[in-house]
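Listing of start_3.csv; format and content: CSV, C-alpha atoms.
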chain,number,residue,atom,x,y,z
A,15,MET,CA,98.3,74.7,30.6
A,16,LYS,CA,100.1,74.2,33.9
A,17,ILE,CA,99.2,70.5,33.8
A,18,LYS,CA,100.4,70.2,30.2
A,19,SER,CA,103.7,71.9,31.0
A,20,LEU,CA,104.2,69.6,34.0
A,21,VAL,CA,103.6,66.5,31.9
A,22,THR,CA,106.0,67.9,29.2
A,23,SER,CA,108.7,68.6,31.9
A,24,VAL,CA,108.3,65.1,33.4
A,25,ALA,CA,108.6,63.5,29.9
A,26,SER,CA,111.7,65.6,29.3
A,27,VAL,CA,113.3,64.5,32.5
A,28,ILE,CA,112.5,60.8,31.7
A,29,ALA,CA,113.9,61.2,28.3
A,30,VAL,CA,117.1,62.8,29.5
A,31,ALA,CA,117.5,60.2,32.3
A,32,GLY,CA,117.0,57.4,29.7
A,33,LEU,CA,119.6,59.0,27.4
A,34,MET,CA,122.0,59.4,30.4
A,35,GLY,CA,121.5,55.8,31.3
A,36,ALA,CA,122.3,54.7,27.8
A,37,VAL,CA,125.4,56.9,27.7
A,38,SER,CA,126.4,55.4,31.1
A,39,THR,CA,125.9,51.9,29.8
A,40,ILE,CA,128.1,52.6,26.7
A,41,ALA,CA,130.7,54.2,28.9
A,42,ASN,CA,130.8,51.2,31.2
A,43,ALA,CA,131.0,48.6,28.4
A,44,LYS,CA,134.5,47.6,27.5
A,45,GLU,CA,136.5,45.0,25.6
A,46,ILE,CA,138.0,42.4,27.9
A,47,VAL,CA,141.3,41.1,26.6
A,48,ILE,CA,142.3,37.7,28.0
A,49,ARG,CA,145.8,36.3,27.5
A,50,ILE,CA,145.3,32.5,27.7
A,51,GLY,CA,147.6,29.6,27.1
A,52,SER,CA,149.6,26.6,28.1
A,53,GLY,CA,152.9,25.0,27.5
A,54,HIS,CA,151.1,22.2,25.8
A,55,PRO,CA,149.6,22.4,22.3
A,56,PRO,CA,145.8,22.2,21.7
A,57,THR,CA,146.3,18.6,20.5
A,58,VAL,CA,146.6,17.7,24.2
A,59,VAL,CA,143.0,17.3,25.4
A,60,TYR,CA,142.9,19.8,28.2
A,61,ALA,CA,144.6,22.5,26.1
A,62,GLY,CA,142.4,21.7,23.2
A,63,LEU,CA,139.3,22.1,25.4
A,64,MET,CA,140.6,25.4,26.6
A,65,LYS,CA,140.6,26.6,23.0
A,66,SER,CA,137.5,24.8,21.7
A,67,PHE,CA,135.2,24.9,24.8
A,68,PHE,CA,136.3,27.3,27.5
A,69,GLN,CA,137.2,30.3,25.2
A,70,PRO,CA,134.1,30.3,23.0
A,71,GLU,CA,131.8,29.6,26.0
A,72,VAL,CA,133.3,32.5,28.0
A,73,LYS,CA,133.0,34.9,25.1
A,74,LYS,CA,129.4,33.8,24.4
A,75,ALA,CA,128.3,34.0,28.0
A,76,ILE,CA,129.9,37.4,28.7
A,77,GLU,CA,128.7,39.0,25.5
A,78,GLU,CA,125.1,37.6,25.9
A,79,ASN,CA,124.8,38.6,29.5
A,80,THR,CA,126.7,41.9,29.8
A,81,ASP,CA,127.6,44.9,27.7
A,82,HIS,CA,131.2,43.8,27.4
A,83,THR,CA,133.0,42.1,24.6
A,84,VAL,CA,135.8,39.5,24.9
A,85,LYS,CA,139.0,39.1,22.9
A,86,PHE,CA,141.5,36.2,23.5
A,87,ILE,CA,145.2,36.4,22.9
A,88,GLU,CA,146.3,32.8,22.6
A,89,GLY,CA,149.6,31.4,23.8
A,90,TYR,CA,149.5,27.6,23.3
A,91,SER,CA,152.3,25.2,22.4
A,92,GLY,CA,154.8,27.1,24.6
A,93,SER,CA,154.5,30.3,22.6
A,94,ILE,CA,154.2,32.3,25.8
A,95,THR,CA,155.2,29.9,28.6
A,96,LYS,CA,156.8,26.5,28.4
A,97,VAL,CA,155.3,23.5,30.2
A,98,PHE,CA,157.8,23.9,33.1
A,99,ASP,CA,157.0,27.6,33.7
A,100,THR,CA,153.3,28.2,33.0
A,101,PHE,CA,152.5,28.3,36.7
A,102,GLU,CA,155.1,31.1,37.1
A,103,GLY,CA,153.8,32.8,34.0
A,104,ILE,CA,150.3,33.0,35.6
A,105,GLN,CA,151.8,34.4,38.8
A,106,ASN,CA,153.8,37.2,37.1
A,107,GLY,CA,150.9,38.0,34.7
A,108,VAL,CA,152.5,36.9,31.4
A,109,LEU,CA,149.3,34.9,31.2
A,110,ASP,CA,146.0,36.0,32.6
A,111,ILE,CA,144.6,32.4,32.5
A,112,GLY,CA,146.7,29.3,32.0
A,113,GLY,CA,146.6,25.6,32.1
A,114,PHE,CA,149.4,23.6,33.7
A,115,CYS,CA,150.4,20.4,35.5
A,116,PHE,CA,151.1,20.1,39.2
A,117,CYS,CA,153.8,17.6,38.1
A,118,PHE,CA,156.2,20.4,37.4
A,119,GLU,CA,155.5,22.2,40.7
A,120,ALA,CA,156.3,19.5,43.3
A,121,SER,CA,158.2,22.0,45.5
A,122,LYS,CA,155.5,24.7,45.5
A,123,LEU,CA,152.4,22.5,45.4
A,124,PRO,CA,153.5,19.2,47.0
A,125,MET,CA,150.0,18.3,48.3
A,126,HIS,CA,148.0,19.0,45.1
A,127,ALA,CA,149.1,15.8,43.3
A,128,PHE,CA,147.4,13.7,45.9
A,129,GLN,CA,145.9,11.3,43.4
A,130,ILE,CA,149.4,10.5,42.2
A,131,MET,CA,150.2,9.3,45.7
A,132,LEU,CA,147.6,6.6,45.4
A,133,PRO,CA,148.5,4.7,42.2
A,134,PHE,CA,146.3,2.2,40.4
A,135,GLY,CA,143.2,4.2,41.1
A,136,THR,CA,140.2,4.5,38.8
A,137,MET,CA,140.8,4.7,35.0
A,138,ASP,CA,137.6,6.6,34.5
A,139,PRO,CA,138.4,10.3,34.1
A,140,VAL,CA,134.8,11.3,35.0
A,141,GLN,CA,135.2,9.6,38.3
A,142,SER,CA,138.7,11.0,38.8
A,143,VAL,CA,137.4,14.6,38.3
A,144,ALA,CA,134.5,14.0,40.7
A,145,ILE,CA,136.9,12.6,43.3
A,146,ALA,CA,139.2,15.6,43.0
A,147,ASN,CA,136.4,18.1,43.2
A,148,ALA,CA,135.1,16.4,46.4
A,149,ILE,CA,138.5,16.6,48.0
A,150,TYR,CA,139.0,20.3,47.1
A,151,LYS,CA,135.6,21.0,48.6
A,152,LYS,CA,136.5,19.1,51.8
A,153,PHE,CA,139.9,20.7,52.1
A,154,PRO,CA,139.7,24.5,51.2
A,155,SER,CA,143.4,24.8,52.1
A,156,LEU,CA,144.2,23.3,48.7
A,157,GLU,CA,142.7,26.2,46.8
A,158,LYS,CA,143.9,28.8,49.4
A,159,ALA,CA,147.5,27.7,48.7
A,160,PHE,CA,147.3,29.5,45.3
A,161,GLU,CA,146.9,32.9,47.0
A,162,LYS,CA,150.6,32.8,47.9
A,163,TYR,CA,151.4,32.7,44.2
A,164,ASP,CA,149.0,35.5,43.2
A,165,GLN,CA,146.5,33.3,41.4
A,166,THR,CA,143.1,31.6,41.8
A,167,MET,CA,142.1,28.1,40.7
A,168,LEU,CA,139.2,28.1,38.2
A,169,ALA,CA,139.1,24.4,37.4
A,170,ARG,CA,140.5,21.0,38.1
A,171,ILE,CA,141.5,19.1,34.9
A,172,GLY,CA,141.3,15.4,34.5
A,173,ASP,CA,143.7,13.3,32.3
A,174,GLY,CA,143.0,10.1,30.5
A,175,GLY,CA,144.0,6.8,32.1
A,176,TYR,CA,147.8,6.2,32.3
A,177,ASN,CA,149.4,3.0,30.9
A,178,LEU,CA,153.0,2.3,29.8
A,179,GLY,CA,154.3,2.7,26.3
A,180,THR,CA,157.7,1.3,25.4
A,181,ASN,CA,160.0,0.4,22.5
A,182,PHE,CA,160.3,-3.2,23.7
A,183,PRO,CA,157.7,-5.8,24.7
A,184,TRP,CA,157.2,-6.9,28.4
A,185,LYS,CA,154.7,-9.1,30.2
A,186,GLU,CA,155.9,-9.2,33.8
A,187,VAL,CA,157.0,-6.4,36.1
A,188,SER,CA,160.5,-8.0,36.4
A,189,ASP,CA,160.9,-7.5,32.6
A,190,LEU,CA,161.3,-3.7,33.2
A,191,LYS,CA,164.5,-4.0,35.2
A,192,GLY,CA,167.2,-1.8,33.9
A,193,HIS,CA,165.0,0.0,31.4
A,194,LYS,CA,164.8,3.8,31.2
A,195,ILE,CA,161.2,5.0,31.5
A,196,LEU,CA,159.9,8.5,31.3
A,197,GLY,CA,157.6,10.1,33.9
A,198,ALA,CA,156.8,13.5,35.4
A,199,GLY,CA,157.1,14.7,38.9
A,200,LEU,CA,155.6,12.4,41.6
A,201,ASN,CA,154.7,9.6,39.2
A,202,LEU,CA,158.4,8.9,38.9
A,203,ASN,CA,157.9,7.3,42.4
A,204,TRP,CA,155.6,4.7,40.8
A,205,MET,CA,158.9,3.4,39.4
A,206,LYS,CA,161.4,4.4,42.1
A,207,GLN,CA,159.5,3.1,45.0
A,208,ALA,CA,158.5,-0.2,43.5
A,209,GLY,CA,161.9,-1.9,43.8
A,210,ILE,CA,161.7,-3.1,40.2
A,211,GLY,CA,165.0,-1.7,39.0
A,212,ILE,CA,163.5,0.7,36.5
A,213,ILE,CA,165.7,3.8,35.7
A,214,PRO,CA,163.3,6.8,35.9
A,215,VAL,CA,163.8,9.6,33.4
A,216,THR,CA,161.9,13.0,33.5
A,217,ASP,CA,161.0,15.5,30.8
A,218,GLY,CA,158.1,17.5,29.6
A,219,LEU,CA,155.9,15.6,27.1
A,220,PRO,CA,157.1,17.6,24.1
A,221,GLY,CA,160.6,16.2,24.6
A,222,TRP,CA,159.6,12.6,24.9
A,223,TYR,CA,159.8,11.7,21.2
A,224,GLN,CA,163.4,12.7,20.9
A,225,LYS,CA,164.5,11.1,24.1
A,226,ILE,CA,163.1,7.7,23.1
A,227,LYS,CA,164.3,8.1,19.5
A,228,THR,CA,167.9,8.8,20.7
A,229,GLY,CA,167.9,6.1,23.4
A,230,LEU,CA,167.9,8.4,26.4
A,231,ALA,CA,164.6,6.7,27.3
A,232,GLU,CA,162.9,3.5,26.3
A,233,GLY,CA,159.3,4.3,27.1
A,234,GLY,CA,157.0,6.3,29.3
A,235,ILE,CA,154.0,6.4,31.6
A,236,MET,CA,151.4,8.0,29.4
A,237,PHE,CA,147.7,8.0,28.4
A,238,PRO,CA,146.8,6.6,24.9
A,239,SER,CA,145.9,9.9,23.2
A,240,ALA,CA,149.4,11.2,23.6
A,241,TRP,CA,151.1,7.9,22.7
A,242,GLY,CA,149.1,7.8,19.4
A,243,PRO,CA,148.7,10.5,16.7
A,244,VAL,CA,148.9,13.5,19.0
A,245,PHE,CA,152.6,13.2,19.9
A,246,LYS,CA,153.4,10.3,17.6
A,247,LEU,CA,155.2,8.4,20.3
A,248,HIS,CA,154.0,5.2,18.7
A,249,GLU,CA,156.6,5.8,16.0
A,250,VAL,CA,159.5,5.4,18.4
A,251,GLY,CA,157.7,3.1,20.9
A,252,LYS,CA,155.9,0.3,19.1
A,253,TYR,CA,154.5,-1.3,22.2
A,254,TYR,CA,151.7,0.0,24.5
A,255,THR,CA,150.7,-2.0,27.6
A,256,THR,CA,147.5,-1.5,29.5
A,257,ILE,CA,148.5,-1.8,33.2
A,258,GLY,CA,146.0,0.9,34.4
A,259,PHE,CA,148.0,3.3,36.7
A,260,GLY,CA,144.8,5.4,36.9
A,261,SER,CA,143.3,8.6,35.6
A,262,ILE,CA,144.8,11.5,37.5
A,263,THR,CA,143.3,15.0,38.0
A,264,TRP,CA,146.5,16.9,38.4
A,265,HIS,CA,146.3,19.8,36.0
A,266,ALA,CA,144.6,23.1,36.7
A,267,LEU,CA,143.2,26.1,35.0
A,268,ASN,CA,144.3,29.2,37.0
A,269,VAL,CA,143.8,32.9,36.7
A,270,ASN,CA,146.2,35.7,37.8
A,271,ASN,CA,144.7,37.5,40.8
A,272,ARG,CA,145.5,41.0,39.6
A,273,PHE,CA,143.7,40.3,36.3
A,274,TRP,CA,140.8,38.6,38.1
A,275,ASN,CA,140.3,41.4,40.5
A,276,SER,CA,140.4,44.0,37.7
A,277,LEU,CA,137.4,42.3,35.9
A,278,PRO,CA,133.9,43.8,36.2
A,279,ALA,CA,132.1,42.3,39.2
A,280,GLU,CA,129.4,40.7,36.9
A,281,VAL,CA,132.0,39.0,34.7
A,282,ARG,CA,133.8,36.9,37.3
A,283,PRO,CA,130.9,34.6,38.2
A,284,ILE,CA,130.3,34.0,34.5
A,285,ILE,CA,133.9,32.9,33.9
A,286,GLN,CA,133.7,30.7,37.0
A,287,GLU,CA,130.5,29.0,35.8
A,288,VAL,CA,132.1,28.2,32.4
A,289,ALA,CA,135.2,26.9,34.2
A,290,ASP,CA,133.1,24.6,36.3
A,291,ARG,CA,131.6,23.1,33.1
A,292,TYR,CA,135.0,23.0,31.5
A,293,SER,CA,136.3,20.9,34.4
A,294,VAL,CA,133.5,18.3,33.9
A,295,GLN,CA,134.2,18.3,30.1
A,296,THR,CA,137.9,17.3,30.7
A,297,GLY,CA,136.6,14.1,32.3
A,298,VAL,CA,133.8,13.5,29.8
A,299,PHE,CA,136.0,14.1,26.8
A,300,ASN,CA,138.9,12.0,28.0
A,301,LYS,CA,136.6,9.1,28.9
A,302,ALA,CA,135.0,9.2,25.4
A,303,GLY,CA,138.4,9.4,23.8
A,304,TYR,CA,140.1,6.6,25.7
A,305,GLU,CA,138.5,3.7,23.8
A,306,LYS,CA,138.8,5.5,20.4
A,307,ASP,CA,142.5,6.1,21.1
A,308,MET,CA,143.1,2.6,22.2
A,309,ASP,CA,141.4,1.3,19.0
A,310,TRP,CA,143.7,3.5,17.0
A,311,LEU,CA,146.8,2.1,18.8
A,312,ARG,CA,145.6,-1.5,18.4
A,313,LYS,CA,145.5,-0.9,14.6
A,314,ASN,CA,148.9,0.7,14.4
A,315,ILE,CA,151.2,-0.9,17.0
A,316,THR,CA,151.3,-3.8,19.4
A,317,VAL,CA,149.0,-3.4,22.4
A,318,THR,CA,149.2,-5.9,25.2
A,319,ASP,CA,146.4,-6.1,27.8
A,320,LEU,CA,148.0,-7.3,31.0
A,321,PRO,CA,146.2,-9.7,33.4
A,322,ALA,CA,145.0,-8.2,36.7
A,323,SER,CA,147.8,-10.2,38.5
A,324,VAL,CA,150.5,-8.0,37.0
A,325,ARG,CA,148.7,-4.8,38.0
A,326,LEU,CA,148.3,-6.3,41.5
A,327,ASP,CA,152.0,-7.2,41.7
A,328,TRP,CA,153.0,-3.6,41.0
A,329,ALA,CA,150.4,-2.2,43.3
A,330,GLN,CA,151.6,-4.4,46.2
A,331,ARG,CA,155.2,-3.2,45.6
A,332,LEU,CA,153.9,0.3,46.2
A,333,LYS,CA,151.6,-0.4,49.2
A,334,ASP,CA,153.9,1.3,51.7
A,335,TRP,CA,154.8,4.4,49.7
A,336,PRO,CA,151.6,6.4,50.3
A,337,GLN,CA,152.2,6.1,54.1
A,338,ALA,CA,155.9,7.0,53.8
A,339,TYR,CA,155.1,10.1,51.6
A,340,ALA,CA,152.3,11.2,53.8
A,341,ASP,CA,154.6,11.1,56.8
A,342,GLU,CA,157.0,13.4,54.9
A,343,LEU,CA,154.3,15.9,54.0
A,344,GLU,CA,152.8,15.8,57.5
A,345,ALA,CA,156.2,16.8,58.9
A,346,LYS,CA,156.0,19.8,56.7
A,347,GLY,CA,152.6,20.8,58.0
A,348,PHE,CA,150.3,19.4,55.3
A,349,PRO,CA,147.2,17.3,56.2
A,350,ALA,CA,148.4,14.5,53.9
A,351,LYS,CA,147.0,11.6,55.9
A,352,ALA,CA,143.5,13.1,56.0
A,353,ILE,CA,143.5,14.0,52.3
A,354,LEU,CA,144.8,10.6,51.2
A,355,ASN,CA,142.3,8.7,53.3
A,356,ALA,CA,139.5,11.0,52.1
A,357,THR,CA,140.6,10.3,48.5
A,358,LEU,CA,140.5,6.5,49.1
A,359,ASP,CA,137.0,6.9,50.5
A,360,GLU,CA,135.7,9.2,47.7
A,361,ALA,CA,136.9,6.7,45.1
A,362,GLU,CA,134.9,3.9,46.8
A,363,LYS,CA,131.9,6.2,47.0
A,364,VAL,CA,131.9,6.4,43.1
A,365,GLY,CA,132.1,2.7,42.9
A,366,TYR,CA,135.8,2.0,42.6
A,367,THR,CA,137.6,-1.0,44.2
A,368,TRP,CA,141.3,-0.6,44.8
A,369,PRO,CA,143.6,-3.5,43.9
A,370,VAL,CA,145.4,-2.7,47.1
A,371,ARG,CA,143.5,-0.8,49.7
A,372,TYR,CA,146.4,1.5,50.9
A,373,VAL,CA,146.6,2.0,54.7
A,374,VAL,CA,147.6,5.5,55.7
A,375,LYS,CA,147.6,6.1,59.5

Can you turn what I pasted into structure tokens?
Amino acid sequence: MKIKSLVTSVASVIAVAGLMGAVSTIANAKEIVIRIGSGHPPTVVYAGLMKSFFQPEVKKAIEENTDHTVKFIEGYSGSITKVFDTFEGIQNGVLDIGGFCFCFEASKLPMHAFQIMLPFGTMDPVQSVAIANAIYKKFPSLEKAFEKYDQTMLARIGDGGYNLGTNFPWKEVSDLKGHKILGAGLNLNWMKQAGIGIIPVTDGLPGWYQKIKTGLAEGGIMFPSAWGPVFKLHEVGKYYTTIGFGSITWHALNVNNRFWNSLPAEVRPIIQEVADRYSVQTGVFNKAGYEKDMDWLRKNITVTDLPASVRLDWAQRLKDWPQAYADELEAKGFPAKAILNATLDEAEKVGYTWPVRYVVK
């Protein structure tokens, strides 16, 4: 009887413990609400992949591997933050996770657009993302810089290869003299520093159509997906010229630190793992889309493929700018020379040959 009673008691304790464990698990489970967005619409590749890849993959991974559920509140197309203030929106917590371009944060993040400082780089977005990831790994100060703005970088985002769309034809660099061309942030220097006589104009991509339509601009440095059906810039700029400025990784997916630190410990590595895959996807997706977008443009407007000599001409005109800009940044305490030289080296490691091998001492 005593043995039977003991067994019964032990069984009861185990049952109660199991019940308490179940109750504890239920109590610890919660719905994780994530406010996510960008100033750009989902028709822009990186924002579209935030919505079609990052969000569903995060939800799936968290719900399959933890007791938590996930709900996203979306704020794309500038519905929560505009393209110029998404970075600040992440900082102040209006967005928990946001995608943005370093091009609008030149004063706060002057070193992060390092690929822009080396124009005419690889046009392969997969290579561009790989180069950027290698540099961030080599120079931890780049990611650490975001701590000052209460956020953490989750992923680097690659863009498609940049060319030049216009509302007029051109074949030589000299043909661009006196024309008003749109750019963003540091890539305005591709025009300013080349001594061509181009009049640089700046605006966020959503404003480009109206500027070209009204004559405030006559073209812009842009990848083919945006020049075509996404933003319909081909309607006001009937000429697209493949000069190959390069594929630039100068967008980021960042998370607000207060939100990040409030997440259950088991959730953060899951989100980071998805973000790592998302970063790779931005390169893969843009690479696959480039030829498709170029084919679309060739069928709808005039596309001119410039000879390598014209690209070389422009690159030679800019050969001294990387050194000059690196000197400016070094004077402000940034390791610009080391980062630019490492970027030149990393590009060559993935098989790229520079039209002009910039010298930064």

Rank nothing, just name the residue among A:Pro336, A:Gly199, A:Gly260, A:Gly251 nearest to A:Cys117, using all atoms listed in the file.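 With all atoms listed in the file as the atom set, the closest residue is A:Gly199.
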
Select, from A:Val250, A:Val294, A:Ile46, A:Ala350, the residue with the minimum atom-to-atom distance to A:Leu156, counting only C-alpha atoms.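 Of A:Val250, A:Val294, A:Ile46, A:Ala350, the one nearest A:Leu156, counting only C-alpha atoms, is A:Ala350.
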
Which distance in Å separates atom CA of A:Gly89 and atom CA of A:Pro243, to one decimal? 22.1 Å

Find the residue from A:Ile149, A:Ala159, A:Ala43, A:Met137 that sits nearest to A:Trp368; use only C-alpha atoms when measuring.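 Using only C-alpha atoms, the shortest distance to A:Trp368 belongs to A:Met137.
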
Give me, please, the distance in Å between atom CA of A:Thr83 and atom CA of A:Tyr163, quoted to one decimal.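 About the pair atom CA of A:Thr83 and atom CA of A:Tyr163: they are 28.5 Å apart.
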
For each of A:Asn181, A:Ile315, A:His126, A:Asp138, take the minimum atom-to-atom distance to A:Leu354, counting only C-alpha atoms, then give the residue where this is smallest. A:His126

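Straight-line separation from atom CA of A:Gly172 to atom CA of A:Asp99: 19.9 Å.
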
At most 9 Å is the cut-off: for each residue in stretch 73-129 of chain A with any atom that close to an atom of stretch 207-224 of chain A, write down the nearest atom pair and the distance in Å rounded to one decimal, counting only C-alpha atoms, chain first then increasing number, as a tab-separated table.
residue	atom	partner	partner_atom	distance
A:Val97	CA	A:Gly218	CA	6.6
A:Phe98	CA	A:Gly218	CA	7.3
A:Phe118	CA	A:Gly218	CA	8.5

So which one's closest to A:Ser323, A:Val187, A:Ala361, A:Ala338, A:Arg272? Using only C-alpha atoms, please. A:Val187

How big is the axis-aligned box around the listed atoms of stretch 113-123 of chain A once 5 Å is added on each side, and where is its centre? Give both in Å to one decimal, as JSON.
{"center_x": 152.4, "center_y": 21.6, "center_z": 38.8, "size_x": 21.6, "size_y": 18.0, "size_z": 23.4}

Kindly complete stretch 274-298 of chain A to N, CA and C atoms; the output should be written as a PDB file, in the coordinates of the input.
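Result file selection-v1.pdb:
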ATOM      1  N   TRP A 274     142.146  38.999  37.633  1.00  0.00           N
ATOM      2  CA  TRP A 274     140.800  38.600  38.100  1.00  0.00           C
ATOM      3  C   TRP A 274     140.125  39.682  38.874  1.00  0.00           C
ATOM      4  N   ASN A 275     140.867  40.361  39.734  1.00  0.00           N
ATOM      5  CA  ASN A 275     140.300  41.400  40.500  1.00  0.00           C
ATOM      6  C   ASN A 275     139.973  42.686  39.699  1.00  0.00           C
ATOM      7  N   SER A 276     140.599  42.805  38.540  1.00  0.00           N
ATOM      8  CA  SER A 276     140.400  44.000  37.700  1.00  0.00           C
ATOM      9  C   SER A 276     139.112  43.810  36.813  1.00  0.00           C
ATOM     10  N   LEU A 277     138.568  42.593  36.762  1.00  0.00           N
ATOM     11  CA  LEU A 277     137.400  42.300  35.900  1.00  0.00           C
ATOM     12  C   LEU A 277     136.144  42.952  36.532  1.00  0.00           C
ATOM     13  N   PRO A 278     135.188  43.359  35.707  1.00  0.00           N
ATOM     14  CA  PRO A 278     133.900  43.800  36.200  1.00  0.00           C
ATOM     15  C   PRO A 278     133.273  42.760  37.114  1.00  0.00           C
ATOM     16  N   ALA A 279     132.623  43.185  38.172  1.00  0.00           N
ATOM     17  CA  ALA A 279     132.100  42.300  39.200  1.00  0.00           C
ATOM     18  C   ALA A 279     131.122  41.233  38.532  1.00  0.00           C
ATOM     19  N   GLU A 280     130.386  41.648  37.495  1.00  0.00           N
ATOM     20  CA  GLU A 280     129.400  40.700  36.900  1.00  0.00           C
ATOM     21  C   GLU A 280     130.063  39.700  35.990  1.00  0.00           C
ATOM     22  N   VAL A 281     131.328  39.883  35.654  1.00  0.00           N
ATOM     23  CA  VAL A 281     132.000  39.000  34.700  1.00  0.00           C
ATOM     24  C   VAL A 281     132.624  37.773  35.427  1.00  0.00           C
ATOM     25  N   ARG A 282     133.128  37.986  36.635  1.00  0.00           N
ATOM     26  CA  ARG A 282     133.800  36.900  37.300  1.00  0.00           C
ATOM     27  C   ARG A 282     132.975  35.652  37.522  1.00  0.00           C
ATOM     28  N   PRO A 283     131.727  35.779  38.015  1.00  0.00           N
ATOM     29  CA  PRO A 283     130.900  34.600  38.200  1.00  0.00           C
ATOM     30  C   PRO A 283     130.598  33.867  36.859  1.00  0.00           C
ATOM     31  N   ILE A 284     130.550  34.627  35.786  1.00  0.00           N
ATOM     32  CA  ILE A 284     130.300  34.000  34.500  1.00  0.00           C
ATOM     33  C   ILE A 284     131.470  33.149  34.068  1.00  0.00           C
ATOM     34  N   ILE A 285     132.680  33.668  34.229  1.00  0.00           N
ATOM     35  CA  ILE A 285     133.900  32.900  33.900  1.00  0.00           C
ATOM     36  C   ILE A 285     133.970  31.654  34.779  1.00  0.00           C
ATOM     37  N   GLN A 286     133.665  31.804  36.060  1.00  0.00           N
ATOM     38  CA  GLN A 286     133.700  30.700  37.000  1.00  0.00           C
ATOM     39  C   GLN A 286     132.742  29.581  36.600  1.00  0.00           C
ATOM     40  N   GLU A 287     131.553  29.990  36.196  1.00  0.00           N
ATOM     41  CA  GLU A 287     130.500  29.000  35.800  1.00  0.00           C
ATOM     42  C   GLU A 287     130.984  28.220  34.586  1.00  0.00           C
ATOM     43  N   VAL A 288     131.587  28.895  33.624  1.00  0.00           N
ATOM     44  CA  VAL A 288     132.100  28.200  32.400  1.00  0.00           C
ATOM     45  C   VAL A 288     133.256  27.281  32.833  1.00  0.00           C
ATOM     46  N   ALA A 289     134.107  27.742  33.746  1.00  0.00           N
ATOM     47  CA  ALA A 289     135.200  26.900  34.200  1.00  0.00           C
ATOM     48  C   ALA A 289     134.758  25.651  34.879  1.00  0.00           C
ATOM     49  N   ASP A 290     133.666  25.741  35.633  1.00  0.00           N
ATOM     50  CA  ASP A 290     133.100  24.600  36.300  1.00  0.00           C
ATOM     51  C   ASP A 290     132.666  23.537  35.231  1.00  0.00           C
ATOM     52  N   ARG A 291     132.048  24.030  34.162  1.00  0.00           N
ATOM     53  CA  ARG A 291     131.600  23.100  33.100  1.00  0.00           C
ATOM     54  C   ARG A 291     132.806  22.570  32.326  1.00  0.00           C
ATOM     55  N   TYR A 292     133.818  23.393  32.154  1.00  0.00           N
ATOM     56  CA  TYR A 292     135.000  23.000  31.500  1.00  0.00           C
ATOM     57  C   TYR A 292     135.693  21.804  32.262  1.00  0.00           C
ATOM     58  N   SER A 293     135.736  21.908  33.584  1.00  0.00           N
ATOM     59  CA  SER A 293     136.300  20.900  34.400  1.00  0.00           C
ATOM     60  C   SER A 293     135.617  19.522  34.166  1.00  0.00           C
ATOM     61  N   VAL A 294     134.300  19.549  34.142  1.00  0.00           N
ATOM     62  CA  VAL A 294     133.500  18.300  33.900  1.00  0.00           C
ATOM     63  C   VAL A 294     133.842  17.795  32.490  1.00  0.00           C
ATOM     64  N   GLN A 295     133.958  18.696  31.529  1.00  0.00           N
ATOM     65  CA  GLN A 295     134.200  18.300  30.100  1.00  0.00           C
ATOM     66  C   GLN A 295     135.563  17.578  29.992  1.00  0.00           C
ATOM     67  N   THR A 296     136.568  17.963  30.780  1.00  0.00           N
ATOM     68  CA  THR A 296     137.900  17.300  30.700  1.00  0.00           C
ATOM     69  C   THR A 296     137.723  15.800  31.007  1.00  0.00           C
ATOM     70  N   GLY A 297     136.866  15.501  31.976  1.00  0.00           N
ATOM     71  CA  GLY A 297     136.600  14.100  32.300  1.00  0.00           C
ATOM     72  C   GLY A 297     135.806  13.404  31.233  1.00  0.00           C
ATOM     73  N   VAL A 298     134.728  14.038  30.811  1.00  0.00           N
ATOM     74  CA  VAL A 298     133.800  13.500  29.800  1.00  0.00           C
ATOM     75  C   VAL A 298     134.570  13.209  28.493  1.00  0.00           C
TER      76      VAL A 298
END
